[in-house]
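Below: model-v7.cif (mmCIF, C-alpha atoms)
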data_input
loop_
_atom_site.group_PDB
_atom_site.id
_atom_site.type_symbol
_atom_site.label_atom_id
_atom_site.label_comp_id
_atom_site.auth_asym_id
_atom_site.auth_seq_id
_atom_site.Cartn_x
_atom_site.Cartn_y
_atom_site.Cartn_z
ATOM 1 C CA MET A 118 -181.938 132.770 -43.765
ATOM 2 C CA LYS A 119 -180.043 129.485 -43.998
ATOM 3 C CA LEU A 120 -178.060 130.033 -40.803
ATOM 4 C CA SER A 121 -179.969 128.508 -37.924
ATOM 5 C CA SER A 122 -177.730 128.086 -34.883
ATOM 6 C CA PRO A 123 -179.238 129.126 -31.532
ATOM 7 C CA ASN A 124 -176.902 132.119 -31.212
ATOM 8 C CA ILE A 125 -177.614 133.427 -34.718
ATOM 9 C CA ASN A 126 -181.328 133.067 -34.086
ATOM 10 C CA VAL A 127 -181.014 135.090 -30.874
ATOM 11 C CA MET A 128 -179.053 137.803 -32.692
ATOM 12 C CA ILE A 129 -181.536 138.030 -35.563
ATOM 13 C CA LYS A 130 -184.565 138.077 -33.264
ATOM 14 C CA SER A 131 -183.007 140.843 -31.163
ATOM 15 C CA CYS A 132 -182.129 142.983 -34.190
ATOM 16 C CA LEU A 133 -185.598 142.622 -35.701
ATOM 17 C CA LYS A 134 -187.288 143.604 -32.442
ATOM 18 C CA ALA A 135 -185.021 146.633 -31.949
ATOM 19 C CA SER A 136 -185.490 147.733 -35.558
ATOM 20 C CA LYS A 137 -189.133 148.617 -34.880
ATOM 21 C CA VAL A 138 -187.925 151.590 -32.829
ATOM 22 C CA ILE A 139 -185.712 152.796 -35.676
ATOM 23 C CA ILE A 140 -188.430 152.499 -38.300
ATOM 24 C CA ARG A 141 -190.897 154.395 -36.109
ATOM 25 C CA ASP A 142 -188.431 157.133 -35.147
ATOM 26 C CA PHE A 143 -187.094 157.559 -38.683
ATOM 27 C CA GLY A 144 -190.528 158.846 -39.639
ATOM 28 C CA GLU A 145 -190.451 161.395 -36.808
ATOM 29 C CA ILE A 146 -186.843 162.595 -36.845
ATOM 30 C CA GLU A 147 -187.703 166.185 -35.978
ATOM 31 C CA LYS A 148 -189.136 165.008 -32.622
ATOM 32 C CA LEU A 149 -186.012 163.133 -31.479
ATOM 33 C CA GLN A 150 -183.860 164.311 -28.600
ATOM 34 C CA VAL A 151 -180.230 164.586 -29.667
ATOM 35 C CA SER A 152 -177.103 164.889 -27.501
ATOM 36 C CA LEU A 153 -173.580 165.804 -28.565
ATOM 37 C CA LYS A 154 -170.938 163.277 -27.449
ATOM 38 C CA GLY A 155 -168.058 165.055 -29.192
ATOM 39 C CA PRO A 156 -167.302 167.099 -32.325
ATOM 40 C CA GLY A 157 -169.502 165.660 -35.069
ATOM 41 C CA ASP A 158 -170.540 162.739 -32.847
ATOM 42 C CA PHE A 159 -174.192 162.569 -31.832
ATOM 43 C CA VAL A 160 -176.344 160.176 -29.844
ATOM 44 C CA THR A 161 -180.129 160.111 -30.158
ATOM 45 C CA THR A 162 -182.880 158.755 -27.962
ATOM 46 C CA SER A 163 -183.253 156.110 -30.685
ATOM 47 C CA ASP A 164 -179.660 154.906 -30.163
ATOM 48 C CA LYS A 165 -180.363 154.492 -26.470
ATOM 49 C CA LYS A 166 -183.728 152.767 -26.928
ATOM 50 C CA VAL A 167 -182.374 150.375 -29.557
ATOM 51 C CA GLU A 168 -179.377 149.553 -27.379
ATOM 52 C CA GLU A 169 -181.631 148.936 -24.381
ATOM 53 C CA ILE A 170 -183.751 146.461 -26.356
ATOM 54 C CA LEU A 171 -180.704 144.660 -27.750
ATOM 55 C CA ILE A 172 -179.047 144.334 -24.359
ATOM 56 C CA ASP A 173 -182.300 143.173 -22.767
ATOM 57 C CA GLU A 174 -183.046 140.557 -25.436
ATOM 58 C CA LEU A 175 -179.495 139.236 -25.665
ATOM 59 C CA SER A 176 -179.116 139.136 -21.875
ATOM 60 C CA LYS A 177 -182.394 137.268 -21.408
ATOM 61 C CA ALA A 178 -181.309 134.646 -23.930
ATOM 62 C CA ARG A 179 -177.690 134.428 -22.756
ATOM 63 C CA PRO A 180 -177.467 135.851 -19.215
ATOM 64 C CA ASN A 181 -173.843 134.829 -18.710
ATOM 65 C CA TYR A 182 -172.420 136.471 -21.833
ATOM 66 C CA GLN A 183 -170.393 139.664 -21.555
ATOM 67 C CA ILE A 184 -171.447 142.783 -23.478
ATOM 68 C CA LEU A 185 -169.593 145.644 -25.151
ATOM 69 C CA SER A 186 -171.875 148.343 -26.527
ATOM 70 C CA GLU A 187 -171.301 151.799 -27.993
ATOM 71 C CA GLU A 188 -173.424 153.806 -25.581
ATOM 72 C CA SER A 189 -173.286 151.705 -22.394
ATOM 73 C CA GLY A 190 -169.698 150.486 -22.596
ATOM 74 C CA ALA A 191 -168.653 147.123 -21.143
ATOM 75 C CA ILE A 192 -170.704 144.739 -19.016
ATOM 76 C CA GLU A 193 -168.118 142.221 -17.867
ATOM 77 C CA LYS A 194 -168.669 138.729 -16.515
ATOM 78 C CA LYS A 195 -165.342 137.100 -15.783
ATOM 79 C CA GLU A 196 -166.583 133.535 -16.010
ATOM 80 C CA SER A 197 -167.789 133.915 -19.620
ATOM 81 C CA GLU A 198 -165.737 133.264 -22.749
ATOM 82 C CA PHE A 199 -168.484 134.872 -24.877
ATOM 83 C CA LYS A 200 -169.107 138.556 -25.555
ATOM 84 C CA TRP A 201 -171.753 140.456 -27.528
ATOM 85 C CA VAL A 202 -170.426 143.510 -29.392
ATOM 86 C CA ILE A 203 -173.219 145.973 -30.169
ATOM 87 C CA ASP A 204 -173.608 149.097 -32.281
ATOM 88 C CA PRO A 205 -177.280 150.102 -31.920
ATOM 89 C CA ILE A 206 -177.295 152.503 -34.877
ATOM 90 C CA ASP A 207 -174.231 152.603 -37.092
ATOM 91 C CA GLY A 208 -174.647 155.679 -39.255
ATOM 92 C CA THR A 209 -176.390 157.899 -36.690
ATOM 93 C CA PHE A 210 -175.513 161.070 -38.639
ATOM 94 C CA ASN A 211 -177.270 159.675 -41.719
ATOM 95 C CA PHE A 212 -180.242 158.700 -39.550
ATOM 96 C CA LEU A 213 -180.472 162.225 -38.103
ATOM 97 C CA HIS A 214 -180.510 163.780 -41.569
ATOM 98 C CA GLY A 215 -183.115 161.443 -43.013
ATOM 99 C CA VAL A 216 -180.596 159.566 -45.158
ATOM 100 C CA PRO A 217 -181.735 155.909 -45.326
ATOM 101 C CA HIS A 218 -178.296 154.350 -44.927
ATOM 102 C CA PHE A 219 -177.693 153.052 -41.393
ATOM 103 C CA CYS A 220 -177.971 149.742 -39.571
ATOM 104 C CA ILE A 221 -177.979 147.708 -36.383
ATOM 105 C CA SER A 222 -174.803 145.690 -35.853
ATOM 106 C CA VAL A 223 -174.257 142.791 -33.434
ATOM 107 C CA ALA A 224 -171.232 140.493 -33.273
ATOM 108 C CA LEU A 225 -170.456 137.538 -31.019
ATOM 109 C CA GLU A 226 -166.976 136.777 -29.711
ATOM 110 C CA LYS A 227 -165.689 133.559 -28.220
ATOM 111 C CA ASN A 228 -162.331 133.902 -26.484
ATOM 112 C CA LYS A 229 -161.767 137.201 -28.356
ATOM 113 C CA GLU A 230 -162.445 135.644 -31.769
ATOM 114 C CA ILE A 231 -165.502 136.809 -33.697
ATOM 115 C CA ILE A 232 -167.627 133.750 -34.448
ATOM 116 C CA ALA A 233 -170.888 135.322 -35.640
ATOM 117 C CA GLY A 234 -172.196 138.629 -36.914
ATOM 118 C CA VAL A 235 -175.506 140.216 -37.901
ATOM 119 C CA ILE A 236 -175.980 143.564 -39.639
ATOM 120 C CA TYR A 237 -179.552 144.659 -40.270
ATOM 121 C CA ASP A 238 -180.660 147.545 -42.487
ATOM 122 C CA PRO A 239 -184.224 148.171 -41.283
ATOM 123 C CA ILE A 240 -185.152 150.613 -44.041
ATOM 124 C CA LYS A 241 -184.245 148.264 -46.904
ATOM 125 C CA ASP A 242 -185.144 145.178 -44.828
ATOM 126 C CA GLU A 243 -181.778 143.601 -45.619
ATOM 127 C CA LEU A 244 -180.378 141.158 -43.084
ATOM 128 C CA PHE A 245 -176.696 140.283 -43.457
ATOM 129 C CA ALA A 246 -175.516 137.400 -41.269
ATOM 130 C CA ALA A 247 -172.515 135.117 -40.966
ATOM 131 C CA GLU A 248 -171.219 132.407 -38.682
ATOM 132 C CA LYS A 249 -167.753 130.917 -38.548
ATOM 133 C CA GLY A 250 -167.479 128.045 -41.004
ATOM 134 C CA GLU A 251 -171.067 128.456 -42.221
ATOM 135 C CA GLY A 252 -170.795 131.237 -44.803
ATOM 136 C CA SER A 253 -172.351 134.683 -45.185
ATOM 137 C CA TYR A 254 -175.954 135.324 -46.174
ATOM 138 C CA LEU A 255 -178.118 138.230 -47.264
ATOM 139 C CA ASN A 256 -181.677 137.256 -46.360
ATOM 140 C CA ASN A 257 -182.012 133.806 -47.968
ATOM 141 C CA TYR A 258 -179.106 134.086 -50.382
ATOM 142 C CA ARG A 259 -175.479 133.111 -49.968
ATOM 143 C CA MET A 260 -173.127 136.075 -50.308
ATOM 144 C CA ARG A 261 -169.822 136.143 -52.146
ATOM 145 C CA VAL A 262 -167.354 138.964 -52.498
ATOM 146 C CA SER A 263 -166.826 140.319 -56.005
ATOM 147 C CA GLY A 264 -164.406 138.732 -58.440
ATOM 148 C CA ARG A 265 -162.835 141.938 -59.758
ATOM 149 C CA ASN A 266 -159.063 141.710 -59.802
ATOM 150 C CA LYS A 267 -158.045 145.131 -61.124
ATOM 151 C CA LEU A 268 -158.242 148.259 -59.020
ATOM 152 C CA GLU A 269 -159.095 150.475 -61.977
ATOM 153 C CA ASN A 270 -162.326 148.491 -62.407
ATOM 154 C CA SER A 271 -163.136 148.418 -58.695
ATOM 155 C CA LEU A 272 -165.431 150.478 -56.475
ATOM 156 C CA ILE A 273 -163.941 151.389 -53.095
ATOM 157 C CA PHE A 274 -165.666 152.840 -50.013
ATOM 158 C CA THR A 275 -164.107 154.828 -47.170
ATOM 159 C CA GLY A 276 -165.015 157.230 -44.374
ATOM 160 C CA PHE A 277 -163.376 160.211 -42.696
ATOM 161 C CA PRO A 278 -162.387 160.205 -38.996
ATOM 162 C CA LYS A 279 -164.586 162.526 -36.944
ATOM 163 C CA PHE A 280 -162.185 163.830 -34.322
ATOM 164 C CA ASN A 281 -158.536 163.428 -35.162
ATOM 165 C CA SER A 282 -157.163 166.006 -37.621
ATOM 166 C CA LEU A 283 -153.993 163.943 -38.157
ATOM 167 C CA GLU A 284 -156.077 160.905 -39.077
ATOM 168 C CA LYS A 285 -158.148 163.068 -41.425
ATOM 169 C CA ASP A 286 -154.971 164.255 -43.135
ATOM 170 C CA LYS A 287 -153.812 160.656 -43.547
ATOM 171 C CA THR A 288 -157.166 159.651 -45.015
ATOM 172 C CA LEU A 289 -157.101 162.566 -47.466
ATOM 173 C CA LYS A 290 -153.624 161.506 -48.574
ATOM 174 C CA GLU A 291 -154.749 157.888 -48.970
ATOM 175 C CA PHE A 292 -157.858 159.017 -50.837
ATOM 176 C CA SER A 293 -155.725 160.978 -53.324
ATOM 177 C CA MET A 294 -153.150 158.229 -53.770
ATOM 178 C CA ILE A 295 -155.678 155.448 -54.336
ATOM 179 C CA ASN A 296 -157.637 157.613 -56.750
ATOM 180 C CA GLU A 297 -154.602 158.868 -58.689
ATOM 181 C CA ILE A 298 -152.560 155.661 -58.753
ATOM 182 C CA THR A 299 -155.371 153.212 -59.406
ATOM 183 C CA LEU A 300 -157.978 155.467 -61.082
ATOM 184 C CA CYS A 301 -160.707 153.600 -59.185
ATOM 185 C CA PRO A 302 -163.790 155.493 -57.963
ATOM 186 C CA ILE A 303 -164.169 156.059 -54.213
ATOM 187 C CA ARG A 304 -167.426 156.617 -52.344
ATOM 188 C CA ILE A 305 -168.306 157.732 -48.795
ATOM 189 C CA LEU A 306 -171.689 156.423 -47.601
ATOM 190 C CA GLY A 307 -171.466 157.015 -43.848
ATOM 191 C CA SER A 308 -171.880 153.597 -42.204
ATOM 192 C CA ALA A 309 -168.802 151.459 -41.566
ATOM 193 C CA ALA A 310 -170.833 148.345 -40.766
ATOM 194 C CA LEU A 311 -172.963 148.584 -43.918
ATOM 195 C CA ASP A 312 -169.890 149.353 -46.016
ATOM 196 C CA MET A 313 -168.347 146.076 -44.875
ATOM 197 C CA ALA A 314 -171.614 144.229 -45.459
ATOM 198 C CA TYR A 315 -171.589 145.599 -49.008
ATOM 199 C CA VAL A 316 -168.055 144.264 -49.529
ATOM 200 C CA ALA A 317 -169.307 140.842 -48.397
ATOM 201 C CA ALA A 318 -172.260 141.079 -50.791
ATOM 202 C CA GLY A 319 -170.057 142.023 -53.752
ATOM 203 C CA ARG A 320 -171.680 145.450 -54.095
ATOM 204 C CA CYS A 321 -168.312 147.113 -53.692
ATOM 205 C CA ASP A 322 -164.818 145.695 -53.935
ATOM 206 C CA GLY A 323 -163.089 147.227 -50.949
ATOM 207 C CA TYR A 324 -163.375 149.476 -47.925
ATOM 208 C CA TRP A 325 -160.795 151.170 -45.739
ATOM 209 C CA GLN A 326 -161.064 153.522 -42.771
ATOM 210 C CA ARG A 327 -159.081 154.898 -39.849
ATOM 211 C CA ASN A 328 -160.020 155.797 -36.279
ATOM 212 C CA LEU A 329 -162.901 153.340 -35.920
ATOM 213 C CA ASN A 330 -164.209 151.763 -32.750
ATOM 214 C CA TYR A 331 -164.424 147.995 -32.428
ATOM 215 C CA TRP A 332 -168.237 147.905 -32.509
ATOM 216 C CA ASP A 333 -168.189 149.743 -35.857
ATOM 217 C CA TYR A 334 -166.631 146.812 -37.704
ATOM 218 C CA ALA A 335 -166.783 143.692 -35.495
ATOM 219 C CA ALA A 336 -169.745 142.076 -37.275
ATOM 220 C CA GLY A 337 -168.398 143.158 -40.653
ATOM 221 C CA ILE A 338 -165.183 141.200 -40.172
ATOM 222 C CA ILE A 339 -166.861 137.795 -40.148
ATOM 223 C CA LEU A 340 -169.319 138.786 -42.898
ATOM 224 C CA VAL A 341 -166.441 139.588 -45.251
ATOM 225 C CA LYS A 342 -164.295 136.605 -44.276
ATOM 226 C CA GLU A 343 -167.138 134.097 -44.608
ATOM 227 C CA ALA A 344 -167.994 135.585 -48.018
ATOM 228 C CA GLY A 345 -164.455 134.800 -49.203
ATOM 229 C CA GLY A 346 -162.952 138.214 -48.534
ATOM 230 C CA PHE A 347 -159.823 139.620 -46.962
ATOM 231 C CA VAL A 348 -159.756 141.731 -43.755
ATOM 232 C CA THR A 349 -156.575 143.276 -42.321
ATOM 233 C CA ASP A 350 -155.160 146.386 -40.747
ATOM 234 C CA PHE A 351 -153.050 148.650 -42.961
ATOM 235 C CA GLU A 352 -149.920 146.600 -42.257
ATOM 236 C CA GLY A 353 -151.465 143.359 -43.470
ATOM 237 C CA GLY A 354 -152.039 142.011 -39.940
ATOM 238 C CA GLU A 355 -155.086 141.858 -37.680
ATOM 239 C CA ASN A 356 -154.233 144.406 -34.986
ATOM 240 C CA PHE A 357 -157.476 146.264 -35.640
ATOM 241 C CA ILE A 358 -158.038 147.534 -32.107
ATOM 242 C CA ALA A 359 -154.477 148.747 -31.523
ATOM 243 C CA ASN A 360 -154.126 150.345 -34.962
ATOM 244 C CA ARG A 361 -157.748 151.549 -35.186
ATOM 245 C CA ALA A 362 -157.622 150.921 -38.917
ATOM 246 C CA ILE A 363 -159.289 148.346 -41.127
ATOM 247 C CA LEU A 364 -159.195 147.225 -44.744
ATOM 248 C CA ALA A 365 -161.794 144.836 -46.176
ATOM 249 C CA THR A 366 -161.594 143.687 -49.797
ATOM 250 C CA ASN A 367 -162.552 140.884 -52.149
ATOM 251 C CA SER A 368 -159.085 139.315 -51.565
ATOM 252 C CA LYS A 369 -157.959 139.884 -55.159
ATOM 253 C CA ILE A 370 -157.152 143.588 -54.732
ATOM 254 C CA GLY A 371 -156.224 143.685 -51.033
ATOM 255 C CA SER A 372 -152.458 143.467 -51.475
ATOM 256 C CA GLU A 373 -152.521 146.261 -54.063
ATOM 257 C CA ILE A 374 -154.400 148.593 -51.735
ATOM 258 C CA ILE A 375 -152.013 147.821 -48.858
ATOM 259 C CA LYS A 376 -149.076 148.813 -51.090
ATOM 260 C CA VAL A 377 -150.724 152.171 -51.751
ATOM 261 C CA LEU A 378 -151.636 152.711 -48.082
ATOM 262 C CA LYS A 379 -148.036 152.052 -47.018
ATOM 263 C CA LYS A 380 -146.584 154.726 -49.322
#

With the file now loaded, output its structure as structure tokens.
Amino acid sequence: MKLSSPNINVMIKSCLKASKVIIRDFGEIEKLQVSLKGPGDFVTTSDKKVEEILIDELSKARPNYQILSEESGAIEKKESEFKWVIDPIDGTFNFLHGVPHFCISVALEKNKEIIAGVIYDPIKDELFAAEKGEGSYLNNYRMRVSGRNKLENSLIFTGFPKFNSLEKDKTLKEFSMINEITLCPIRILGSAALDMAYVAAGRCDGYWQRNLNYWDYAAGIILVKEAGGFVTDFEGGENFIANRAILATNSKIGSEIIKVLKK
């Protein structure tokens, strides 16, 4: 990894330590305790253990930083301009079913701007990391978004909202329109964070999804931007939290997808 700032090092070290729990538990899925948070939304003992390790490691290294995490919520410290944003296992449903497509995601904010992000896939041992002004990297290699400039030649990822039937209907409509108008293939892999990391790595050309939480995509935003990509809401702005919608592309096809999404 060519990024070497103190904060990135702390993030990477924390993710690698927490990943040992995931790797161990992935081999013993049938023994895990699982709780239902909402329709189609599960939390495992692994989520909680991984989150506990991440919070402990990050807090020891940076005791004054605020924290926002999926399972524990917000740990606020008014004097700090920094905040960790944590998703202990993004793709829990895949994890529960033995599908090896999930990750740990950690982002760092400074004054509400994301300045660093790490996404780690412990099964494939792929570490995606980015820091503002320093580029995006996959392990020891610099990442760049793809250069495809025609939607019909592009590969697009998406996901379906878990709770909101109206949002599901909108996604189905968008799915049909993008597929019919552009003829490009669409895939659903089940991990928002990894989908965005794949956009940054040039493995796919775009990703859109509704009804996401901030921790799902926070690290992905800087990965895509630092790899030369384009990240907006569906209106072309950056009101991700208010609109709960995100589009990440290679920058060449972003405006075309927005036109379709606005129809």

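Between atom CA of A:Gly354 and atom CA of A:Gly252 the interatomic distance comes to 22.2 Å.
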
A:Val316 proximity check over A:Cys301, A:Asp286, A:Met294, A:Thr275, using only C-alpha atoms: winner is A:Thr275

For the structure shown, which residues end up in the PyMOL selection byres ((chain A and resi 169) around 12)? Put them as a compact mmCIF listing (two decimals) with C-alpha atoms, in the frame of the given file, please?
# COMPACT_ATOMS: atom_id res chain seq x y z
CA SER A 131 -183.01 140.84 -31.16
CA CYS A 132 -182.13 142.98 -34.19
CA LYS A 134 -187.29 143.60 -32.44
CA ALA A 135 -185.02 146.63 -31.95
CA SER A 136 -185.49 147.73 -35.56
CA VAL A 138 -187.92 151.59 -32.83
CA THR A 162 -182.88 158.76 -27.96
CA SER A 163 -183.25 156.11 -30.68
CA ASP A 164 -179.66 154.91 -30.16
CA LYS A 165 -180.36 154.49 -26.47
CA LYS A 166 -183.73 152.77 -26.93
CA VAL A 167 -182.37 150.38 -29.56
CA GLU A 168 -179.38 149.55 -27.38
CA ILE A 170 -183.75 146.46 -26.36
CA LEU A 171 -180.70 144.66 -27.75
CA ILE A 172 -179.05 144.33 -24.36
CA ASP A 173 -182.30 143.17 -22.77
CA GLU A 174 -183.05 140.56 -25.44
CA LEU A 175 -179.50 139.24 -25.66
CA SER A 176 -179.12 139.14 -21.88
CA ILE A 184 -171.45 142.78 -23.48
CA SER A 186 -171.88 148.34 -26.53
CA GLU A 187 -171.30 151.80 -27.99
CA GLU A 188 -173.42 153.81 -25.58
CA SER A 189 -173.29 151.71 -22.39
CA ILE A 203 -173.22 145.97 -30.17
CA ASP A 204 -173.61 149.10 -32.28
CA PRO A 205 -177.28 150.10 -31.92
CA ILE A 206 -177.30 152.50 -34.88

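For the pair atom CA of A:Leu272 and atom CA of A:Gly250, the separation is 27.3 Å.
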
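We find atom CA of A:Glu226 and atom CA of A:Asn126 to be spaced 15.5 Å apart.
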
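Against this structure, the PyMOL selection byres ((chain A and resi 323) around 6) ends up with Ile273, Val316, Cys321, Asp322, Tyr324, Ala365 and Thr366 of chain A.
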
Test item: residues at most 6 Å from stretch 253-267 of chain A, only C-alpha atoms, excluding those fewer than 4 positions along its chain, as a PyMOL selection string
chain A and resi 118+244-247+317-319+340+343-344+346+367+369-370

Would you output that residue set with C-alpha atoms, as a PDB file, in the frame of the given file?
ATOM      1  CA  MET A 118    -181.938 132.770 -43.765  1.00  0.00           C
ATOM      2  CA  LEU A 244    -180.378 141.158 -43.084  1.00  0.00           C
ATOM      3  CA  PHE A 245    -176.696 140.283 -43.457  1.00  0.00           C
ATOM      4  CA  ALA A 246    -175.516 137.400 -41.269  1.00  0.00           C
ATOM      5  CA  ALA A 247    -172.515 135.117 -40.966  1.00  0.00           C
ATOM      6  CA  ALA A 317    -169.307 140.842 -48.397  1.00  0.00           C
ATOM      7  CA  ALA A 318    -172.260 141.079 -50.791  1.00  0.00           C
ATOM      8  CA  GLY A 319    -170.057 142.023 -53.752  1.00  0.00           C
ATOM      9  CA  LEU A 340    -169.319 138.786 -42.898  1.00  0.00           C
ATOM     10  CA  GLU A 343    -167.138 134.097 -44.608  1.00  0.00           C
ATOM     11  CA  ALA A 344    -167.994 135.585 -48.018  1.00  0.00           C
ATOM     12  CA  GLY A 346    -162.952 138.214 -48.534  1.00  0.00           C
ATOM     13  CA  ASN A 367    -162.552 140.884 -52.149  1.00  0.00           C
ATOM     14  CA  LYS A 369    -157.959 139.884 -55.159  1.00  0.00           C
ATOM     15  CA  ILE A 370    -157.152 143.588 -54.732  1.00  0.00           C
TER      16      ILE A 370
END

Here's the selection I'm unsure about, the PyMOL selection byres ((chain A and resi 378) around 9); applied to the file above, which residues does it give, as JSON, numbers by chain?
{"A": [291, 294, 295, 351, 352, 373, 374, 375, 376, 377, 379, 380]}

Using the partial input, fill out stretch 238-261 of chain A with N, CA and C atoms; write the result as a short mmCIF file (atom, residue, chain, number, x, y, z; two decimals), in the frame of the given file.
data_model
loop_
_atom_site.label_atom_id
_atom_site.label_comp_id
_atom_site.auth_asym_id
_atom_site.auth_seq_id
_atom_site.Cartn_x
_atom_site.Cartn_y
_atom_site.Cartn_z
N ASP A 238 -180.22 146.26 -41.95
CA ASP A 238 -180.66 147.54 -42.49
C ASP A 238 -182.18 147.56 -42.44
N PRO A 239 -182.77 148.25 -41.46
CA PRO A 239 -184.22 148.17 -41.28
C PRO A 239 -185.02 148.90 -42.36
N ILE A 240 -184.43 149.87 -43.01
CA ILE A 240 -185.15 150.61 -44.04
C ILE A 240 -185.28 149.79 -45.32
N LYS A 241 -184.21 149.11 -45.71
CA LYS A 241 -184.24 148.26 -46.90
C LYS A 241 -184.66 146.83 -46.58
N ASP A 242 -184.82 146.53 -45.29
CA ASP A 242 -185.14 145.18 -44.83
C ASP A 242 -184.13 144.17 -45.36
N GLU A 243 -182.86 144.50 -45.20
CA GLU A 243 -181.78 143.60 -45.62
C GLU A 243 -181.05 143.10 -44.38
N LEU A 244 -181.01 141.79 -44.23
CA LEU A 244 -180.38 141.16 -43.08
C LEU A 244 -179.13 140.41 -43.55
N PHE A 245 -177.98 140.90 -43.14
CA PHE A 245 -176.70 140.28 -43.46
C PHE A 245 -176.26 139.48 -42.23
N ALA A 246 -175.90 138.22 -42.41
CA ALA A 246 -175.52 137.40 -41.27
C ALA A 246 -174.44 136.40 -41.67
N ALA A 247 -173.58 136.09 -40.71
CA ALA A 247 -172.52 135.12 -40.97
C ALA A 247 -172.16 134.41 -39.67
N GLU A 248 -171.70 133.18 -39.82
CA GLU A 248 -171.22 132.41 -38.68
C GLU A 248 -169.97 131.65 -39.12
N LYS A 249 -169.03 131.54 -38.22
CA LYS A 249 -167.75 130.92 -38.55
C LYS A 249 -167.96 129.52 -39.14
N GLY A 250 -167.40 129.33 -40.34
CA GLY A 250 -167.48 128.04 -41.00
C GLY A 250 -168.78 127.75 -41.71
N GLU A 251 -169.74 128.69 -41.65
CA GLU A 251 -171.07 128.46 -42.22
C GLU A 251 -171.41 129.39 -43.38
N GLY A 252 -170.54 130.33 -43.69
CA GLY A 252 -170.80 131.24 -44.80
C GLY A 252 -171.50 132.51 -44.39
N SER A 253 -171.66 133.41 -45.37
CA SER A 253 -172.35 134.68 -45.18
C SER A 253 -173.62 134.70 -46.03
N TYR A 254 -174.66 135.30 -45.48
CA TYR A 254 -175.95 135.32 -46.17
C TYR A 254 -176.58 136.71 -46.13
N LEU A 255 -177.26 137.05 -47.21
CA LEU A 255 -178.12 138.23 -47.26
C LEU A 255 -179.54 137.72 -47.44
N ASN A 256 -180.35 137.86 -46.39
CA ASN A 256 -181.68 137.26 -46.36
C ASN A 256 -181.55 135.76 -46.66
N ASN A 257 -182.09 135.25 -47.72
CA ASN A 257 -182.01 133.81 -47.97
C ASN A 257 -180.93 133.41 -48.96
N TYR A 258 -180.07 134.34 -49.31
CA TYR A 258 -179.11 134.09 -50.38
C TYR A 258 -177.67 134.12 -49.87
N ARG A 259 -176.89 133.17 -50.33
CA ARG A 259 -175.48 133.11 -49.97
C ARG A 259 -174.75 134.30 -50.58
N MET A 260 -173.90 134.93 -49.81
CA MET A 260 -173.13 136.07 -50.31
C MET A 260 -171.72 135.65 -50.69
N ARG A 261 -171.21 136.30 -51.73
CA ARG A 261 -169.82 136.14 -52.15
C ARG A 261 -169.26 137.52 -52.46
#
